[in-house]
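J.: So I've got this file, run_3.pdb, and it contains PDB, C-alpha atoms:
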```pdb
ATOM      1  CA  MET O   1      76.698  96.422 108.465  1.00  0.00           C
ATOM      2  CA  PRO O   2      77.224  96.506 112.202  1.00  0.00           C
ATOM      3  CA  LYS O   3      79.369  99.256 113.644  1.00  0.00           C
ATOM      4  CA  ILE O   4      82.010  98.056 116.074  1.00  0.00           C
ATOM      5  CA  ASN O   5      84.939  99.475 118.002  1.00  0.00           C
ATOM      6  CA  ILE O   6      88.370  97.977 117.514  1.00  0.00           C
ATOM      7  CA  LYS O   7      91.836  98.254 119.000  1.00  0.00           C
ATOM      8  CA  VAL O   8      94.698  97.909 116.518  1.00  0.00           C
ATOM      9  CA  THR O   9      98.234  97.217 117.686  1.00  0.00           C
ATOM     10  CA  LEU O  10     101.184  97.341 115.311  1.00  0.00           C
ATOM     11  CA  ILE O  11     104.639  96.319 116.453  1.00  0.00           C
ATOM     12  CA  THR O  12     107.487  97.050 114.035  1.00  0.00           C
ATOM     13  CA  PRO O  13     111.261  97.126 114.453  1.00  0.00           C
ATOM     14  CA  ASP O  14     110.971 100.877 115.114  1.00  0.00           C
ATOM     15  CA  LEU O  15     107.741 101.391 117.060  1.00  0.00           C
ATOM     16  CA  ILE O  16     104.846 100.012 119.039  1.00  0.00           C
ATOM     17  CA  GLU O  17     101.563 101.689 118.154  1.00  0.00           C
ATOM     18  CA  GLU O  18      98.170 101.031 119.705  1.00  0.00           C
ATOM     19  CA  LYS O  19      95.036 102.897 118.615  1.00  0.00           C
ATOM     20  CA  THR O  20      91.272 102.496 118.775  1.00  0.00           C
ATOM     21  CA  TYR O  21      88.899 103.144 115.883  1.00  0.00           C
ATOM     22  CA  PRO O  22      85.226 102.885 115.032  1.00  0.00           C
ATOM     23  CA  ALA O  23      84.854 100.277 112.284  1.00  0.00           C
ATOM     24  CA  LEU O  24      82.354  98.476 110.079  1.00  0.00           C
ATOM     25  CA  PHE O  25      82.004  94.711 110.066  1.00  0.00           C
ATOM     26  CA  HIS O  26      80.825  93.137 106.789  1.00  0.00           C
ATOM     27  CA  SER O  27      79.623  89.765 108.037  1.00  0.00           C
ATOM     28  CA  THR O  28      78.869  88.334 104.571  1.00  0.00           C
ATOM     29  CA  GLN O  29      82.406  89.094 103.376  1.00  0.00           C
ATOM     30  CA  ASN O  30      84.014  88.577 106.797  1.00  0.00           C
ATOM     31  CA  GLN O  31      85.804  91.948 106.551  1.00  0.00           C
ATOM     32  CA  ILE O  32      86.479  94.809 108.933  1.00  0.00           C
ATOM     33  CA  ILE O  33      86.971  98.303 107.505  1.00  0.00           C
ATOM     34  CA  TYR O  34      88.189 101.334 109.420  1.00  0.00           C
ATOM     35  CA  GLN O  35      89.628 104.779 108.726  1.00  0.00           C
ATOM     36  CA  GLU O  36      92.769 105.967 110.436  1.00  0.00           C
ATOM     37  CA  LYS O  37      93.251 109.569 111.535  1.00  0.00           C
ATOM     38  CA  ASP O  38      95.361 110.373 108.452  1.00  0.00           C
ATOM     39  CA  LYS O  39      92.401 109.257 106.265  1.00  0.00           C
ATOM     40  CA  THR O  40      93.991 105.924 105.383  1.00  0.00           C
ATOM     41  CA  ILE O  41      91.266 103.335 104.762  1.00  0.00           C
ATOM     42  CA  THR O  42      92.215  99.900 106.076  1.00  0.00           C
ATOM     43  CA  LYS O  43      90.389  96.729 105.106  1.00  0.00           C
ATOM     44  CA  VAL O  44      91.106  93.452 106.889  1.00  0.00           C
ATOM     45  CA  ASP O  45      89.812  90.309 105.192  1.00  0.00           C
ATOM     46  CA  LEU O  46      89.517  87.849 108.053  1.00  0.00           C
ATOM     47  CA  ALA O  47      88.649  84.845 105.879  1.00  0.00           C
ATOM     48  CA  GLN O  48      91.525  85.187 103.411  1.00  0.00           C
ATOM     49  CA  ALA O  49      94.064  86.773 105.804  1.00  0.00           C
ATOM     50  CA  LYS O  50      94.584  89.912 103.716  1.00  0.00           C
ATOM     51  CA  LEU O  51      95.431  93.432 104.798  1.00  0.00           C
ATOM     52  CA  ARG O  52      94.774  96.340 102.447  1.00  0.00           C
ATOM     53  CA  ARG O  53      95.520 100.016 103.138  1.00  0.00           C
ATOM     54  CA  GLU O  54      94.925 102.996 100.897  1.00  0.00           C
ATOM     55  CA  ASN O  55      95.312 106.746 101.111  1.00  0.00           C
ATOM     56  CA  GLU O  56      96.016 109.584  98.667  1.00  0.00           C
ATOM     57  CA  GLU O  57      99.678 108.627  98.305  1.00  0.00           C
ATOM     58  CA  LEU O  58      99.778 104.842  98.286  1.00  0.00           C
ATOM     59  CA  TRP O  59      97.923 101.582  98.046  1.00  0.00           C
ATOM     60  CA  MET O  60      99.203  98.403  99.671  1.00  0.00           C
ATOM     61  CA  GLU O  61      98.002  94.851  99.951  1.00  0.00           C
ATOM     62  CA  TYR O  62      99.530  92.013 101.940  1.00  0.00           C
ATOM     63  CA  SER O  63      98.289  88.420 101.705  1.00  0.00           C
ATOM     64  CA  PHE O  64      99.334  86.067 104.474  1.00  0.00           C
ATOM     65  CA  ASP O  65      99.819  82.306 104.331  1.00  0.00           C
ATOM     66  CA  GLU O  66     101.587  80.286 107.030  1.00  0.00           C
ATOM     67  CA  SER O  67     102.390  77.454 104.614  1.00  0.00           C
ATOM     68  CA  MET O  68     104.398  79.472 102.097  1.00  0.00           C
ATOM     69  CA  PRO O  69     106.020  82.868 101.431  1.00  0.00           C
ATOM     70  CA  THR O  70     103.814  85.447  99.722  1.00  0.00           C
ATOM     71  CA  THR O  71     104.317  88.743  97.936  1.00  0.00           C
ATOM     72  CA  GLY O  72     103.090  92.095  99.212  1.00  0.00           C
ATOM     73  CA  TYR O  73     102.328  95.012  96.926  1.00  0.00           C
ATOM     74  CA  VAL O  74     102.830  98.714  97.571  1.00  0.00           C
ATOM     75  CA  LYS O  75     101.840 101.139  94.831  1.00  0.00           C
ATOM     76  CA  ILE O  76     103.052 104.734  94.989  1.00  0.00           C
ATOM     77  CA  LYS O  77     100.203 106.533  93.245  1.00  0.00           C
ATOM     78  CA  LYS O  78     102.047 109.707  92.271  1.00  0.00           C
ATOM     79  CA  LEU O  79     104.750 107.748  90.450  1.00  0.00           C
ATOM     80  CA  ASN O  80     102.451 104.931  89.294  1.00  0.00           C
ATOM     81  CA  GLN O  81     105.104 102.511  90.536  1.00  0.00           C
ATOM     82  CA  LYS O  82     104.469  99.170  92.216  1.00  0.00           C
ATOM     83  CA  VAL O  83     106.971  97.733  94.697  1.00  0.00           C
ATOM     84  CA  LEU O  84     106.921  94.007  95.456  1.00  0.00           C
ATOM     85  CA  LEU O  85     107.844  92.865  98.961  1.00  0.00           C
ATOM     86  CA  ASN O  86     108.676  89.385 100.223  1.00  0.00           C
ATOM     87  CA  LEU O  87     106.396  88.320 103.089  1.00  0.00           C
ATOM     88  CA  ASN O  88     106.962  85.415 105.415  1.00  0.00           C
ATOM     89  CA  THR O  89     103.993  84.657 107.661  1.00  0.00           C
ATOM     90  CA  LYS O  90     105.058  83.193 110.992  1.00  0.00           C
ATOM     91  CA  LYS O  91     101.669  82.829 112.660  1.00  0.00           C
ATOM     92  CA  ILE O  92      98.004  83.710 112.076  1.00  0.00           C
ATOM     93  CA  ILE O  93      95.654  83.665 115.061  1.00  0.00           C
ATOM     94  CA  LYS O  94      91.925  83.906 114.344  1.00  0.00           C
ATOM     95  CA  GLU O  95      89.653  84.057 117.369  1.00  0.00           C
ATOM     96  CA  LYS O  96      86.118  85.340 117.764  1.00  0.00           C
ATOM     97  CA  LYS O  97      87.162  88.882 118.705  1.00  0.00           C
ATOM     98  CA  LYS O  98      90.847  88.872 117.814  1.00  0.00           C
ATOM     99  CA  PHE O  99      92.853  88.622 114.599  1.00  0.00           C
ATOM    100  CA  GLU O 100      96.648  88.549 114.882  1.00  0.00           C
ATOM    101  CA  ILE O 101      99.370  88.144 112.287  1.00  0.00           C
ATOM    102  CA  ASN O 102     103.070  87.710 113.031  1.00  0.00           C
ATOM    103  CA  TYR O 103     105.055  88.186 109.843  1.00  0.00           C
ATOM    104  CA  GLN O 104     108.275  89.378 108.257  1.00  0.00           C
ATOM    105  CA  VAL O 105     108.636  91.936 105.476  1.00  0.00           C
ATOM    106  CA  GLU O 106     112.044  91.686 103.834  1.00  0.00           C
ATOM    107  CA  ASN O 107     113.360  89.932 106.986  1.00  0.00           C
ATOM    108  CA  GLN O 108     112.013  92.593 109.396  1.00  0.00           C
ATOM    109  CA  ASP O 109     109.590  91.340 112.096  1.00  0.00           C
ATOM    110  CA  TYR O 110     106.071  92.787 112.372  1.00  0.00           C
ATOM    111  CA  LYS O 111     103.022  92.002 114.460  1.00  0.00           C
ATOM    112  CA  TYR O 112      99.518  93.269 113.611  1.00  0.00           C
ATOM    113  CA  THR O 113      96.687  92.678 116.061  1.00  0.00           C
ATOM    114  CA  LEU O 114      93.049  93.702 115.643  1.00  0.00           C
ATOM    115  CA  GLU O 115      90.709  93.213 118.600  1.00  0.00           C
ATOM    116  CA  VAL O 116      86.996  93.967 118.848  1.00  0.00           C
ATOM    117  CA  ILE O 117      86.390  95.914 122.061  1.00  0.00           C
TER     118      ILE O 117
END
```
Take the structure I supplied and represent it as structure tokens, if you would.
T.:
Amino acid sequence: MPKINIKVTLITPDLIEEKTYPALFHSTQNQIIYQEKDKTITKVDLAQAKLRRENEELWMEYSFDESMPTTGYVKIKKLNQKVLLNLNTKKIIKEKKKFEINYQVENQDYKYTLEVI
């Protein structure tokens, strides 16, 4: 498992956030895993265009597909409740060192970019 450095940019209706992290690249599974400062573990499946995040309070998984709407899942662990969210993927860009997803969650625009630096 090679160690890499990544830059993650998240643009939401309320903020623009850009951070760098050390990460692991699983080449056989085509996944990048990194830990955010608040101990949230994020796993990006580059092959299947999935984003999974987990911490002590919640677990979420978004699957992206440009050809059709998908459903995102957010589970609040303390309450053992799962919330379903409507996702509309506008664009997926997969390049050698860049993975970008433009999408909507419940009609709110988001952009997630992961770049190997």
J.: Could you pull the residues within 7 Å of Lys19 in chain O, counting all atoms listed in the file, minus those fewer than 5 positions along the same chain, as a list in words?
T.: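 Close residues of Lys19 in chain O: Lys7, Val8 and Thr9 of chain O.
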J.: Pull out every residue that the PyMOL selection byres ((chain O and resi 39) around 12) matches in the shown coordinates and put them as an MDAnalysis selection string.
T.: chainID O and resid 21 34:38 40:42 53:58
J.: Taking the file above as input, evaluate the PyMOL selection byres ((chain O and resi 96) around 12) and report the hits as a list in words.
T.: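 Output of the PyMOL selection byres ((chain O and resi 96) around 12): Asn30, Leu46, Ile93, Lys94, Glu95, Lys97, Lys98, Phe99, Glu100, Leu114, Glu115, Val116 and Ile117 of chain O.
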J.: Between CA of Thr12 in chain O and CA of Ser63 in chain O, what is the spacing in Å?
T.: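 Computing the Euclidean distance for CA of Ser63 in chain O and CA of Thr12 in chain O yields 17.6 Å.
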J.: Could you spell out the hits of the PyMOL selection byres ((chain O and resi 70) around 9) on the shown file, as a PyMOL selection string?
T.: chain O and resi 62-65+68-69+71-72+85-89
J.: Find the residues near His26 in chain O: any atom within 12 Å, counting all atoms listed in the file, skip ones fewer than 6 places away on the same chain, and give them as JSON, numbers by chain.
T.: {"O": [1, 2, 3, 4, 32, 33, 34, 43, 44, 45, 46, 47]}
J.: If I take CA of Lys50 in chain O and CA of Ser27 in chain O, how far is one from the other in Å, to one decimal?
T.: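 So the answer is 15.6 Å.
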J.: Have a look at O:Ile6, O:Gln81, O:Met60, O:Lys91 and name the one nearest to Tyr103 in chain O; count all atoms listed in the file.
T.: O:Lys91
J.: Find, counting only C-alpha atoms, the residue in O:Ile16, O:Val74, O:Leu51, O:Ala23 that gets nearest to Ile101 in chain O.
T.: O:Leu51
J.: With 3 Å of padding per side, what axis-aligned box (centre and edge lengths, Å, one decimal) covers all the listed atoms of range 46-56 of chain O? Give it as JSON.
T.:
```
{"center_x": 92.3, "center_y": 97.2, "center_z": 103.4, "size_x": 13.4, "size_y": 30.7, "size_z": 15.4}
```
J.: So that I can check the surroundings of Tyr110 in chain O, please list as number ranges by chain every protein, DNA and RNA residue that reaches within 8 Å of it, counting only C-alpha atoms and ignoring chain neighbours fewer than 3 positions away.
T.: O: 10-13, 102-105
J.: Measure the distance from CA of Asn5 in chain O to CA of Pro22 in chain O in Å and round it to one decimal.
T.: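 Between CA of Asn5 in chain O and CA of Pro22 in chain O the gap works out to 4.5 Å.
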J.: As a CSV table (one decimal), keeping the file's coordinate frame, please: range 1-14 of chain O completed to N, CA and C atoms.
T.:
```
chain,number,residue,atom,x,y,z
O,1,MET,N,75.3,96.3,108.1
O,1,MET,CA,76.7,96.4,108.5
O,1,MET,C,76.8,96.9,109.9
O,2,PRO,N,77.1,96.1,110.8
O,2,PRO,CA,77.2,96.5,112.2
O,2,PRO,C,78.4,97.4,112.4
O,3,LYS,N,78.3,98.4,113.2
O,3,LYS,CA,79.4,99.3,113.6
O,3,LYS,C,80.0,98.7,114.9
O,4,ILE,N,81.3,98.6,114.9
O,4,ILE,CA,82.0,98.1,116.1
O,4,ILE,C,83.1,99.0,116.5
O,5,ASN,N,83.7,98.8,117.6
O,5,ASN,CA,84.9,99.5,118.0
O,5,ASN,C,86.1,98.5,118.1
O,6,ILE,N,87.2,98.9,117.6
O,6,ILE,CA,88.4,98.0,117.5
O,6,ILE,C,89.6,98.6,118.1
O,7,LYS,N,90.5,97.8,118.6
O,7,LYS,CA,91.8,98.3,119.0
O,7,LYS,C,92.8,97.6,118.1
O,8,VAL,N,93.7,98.4,117.4
O,8,VAL,CA,94.7,97.9,116.5
O,8,VAL,C,96.1,98.2,117.1
O,9,THR,N,96.9,97.1,117.2
O,9,THR,CA,98.2,97.2,117.7
O,9,THR,C,99.2,96.8,116.6
O,10,LEU,N,100.2,97.6,116.3
O,10,LEU,CA,101.2,97.3,115.3
O,10,LEU,C,102.5,97.4,116.0
O,11,ILE,N,103.3,96.3,115.9
O,11,ILE,CA,104.6,96.3,116.5
O,11,ILE,C,105.6,96.1,115.3
O,12,THR,N,106.5,97.1,115.1
O,12,THR,CA,107.5,97.0,114.0
O,12,THR,C,108.9,97.1,114.7
O,13,PRO,N,109.9,97.0,113.9
O,13,PRO,CA,111.3,97.1,114.5
O,13,PRO,C,111.5,98.5,115.1
O,14,ASP,N,110.7,99.5,114.7
O,14,ASP,CA,111.0,100.9,115.1
O,14,ASP,C,109.9,101.4,116.1
```
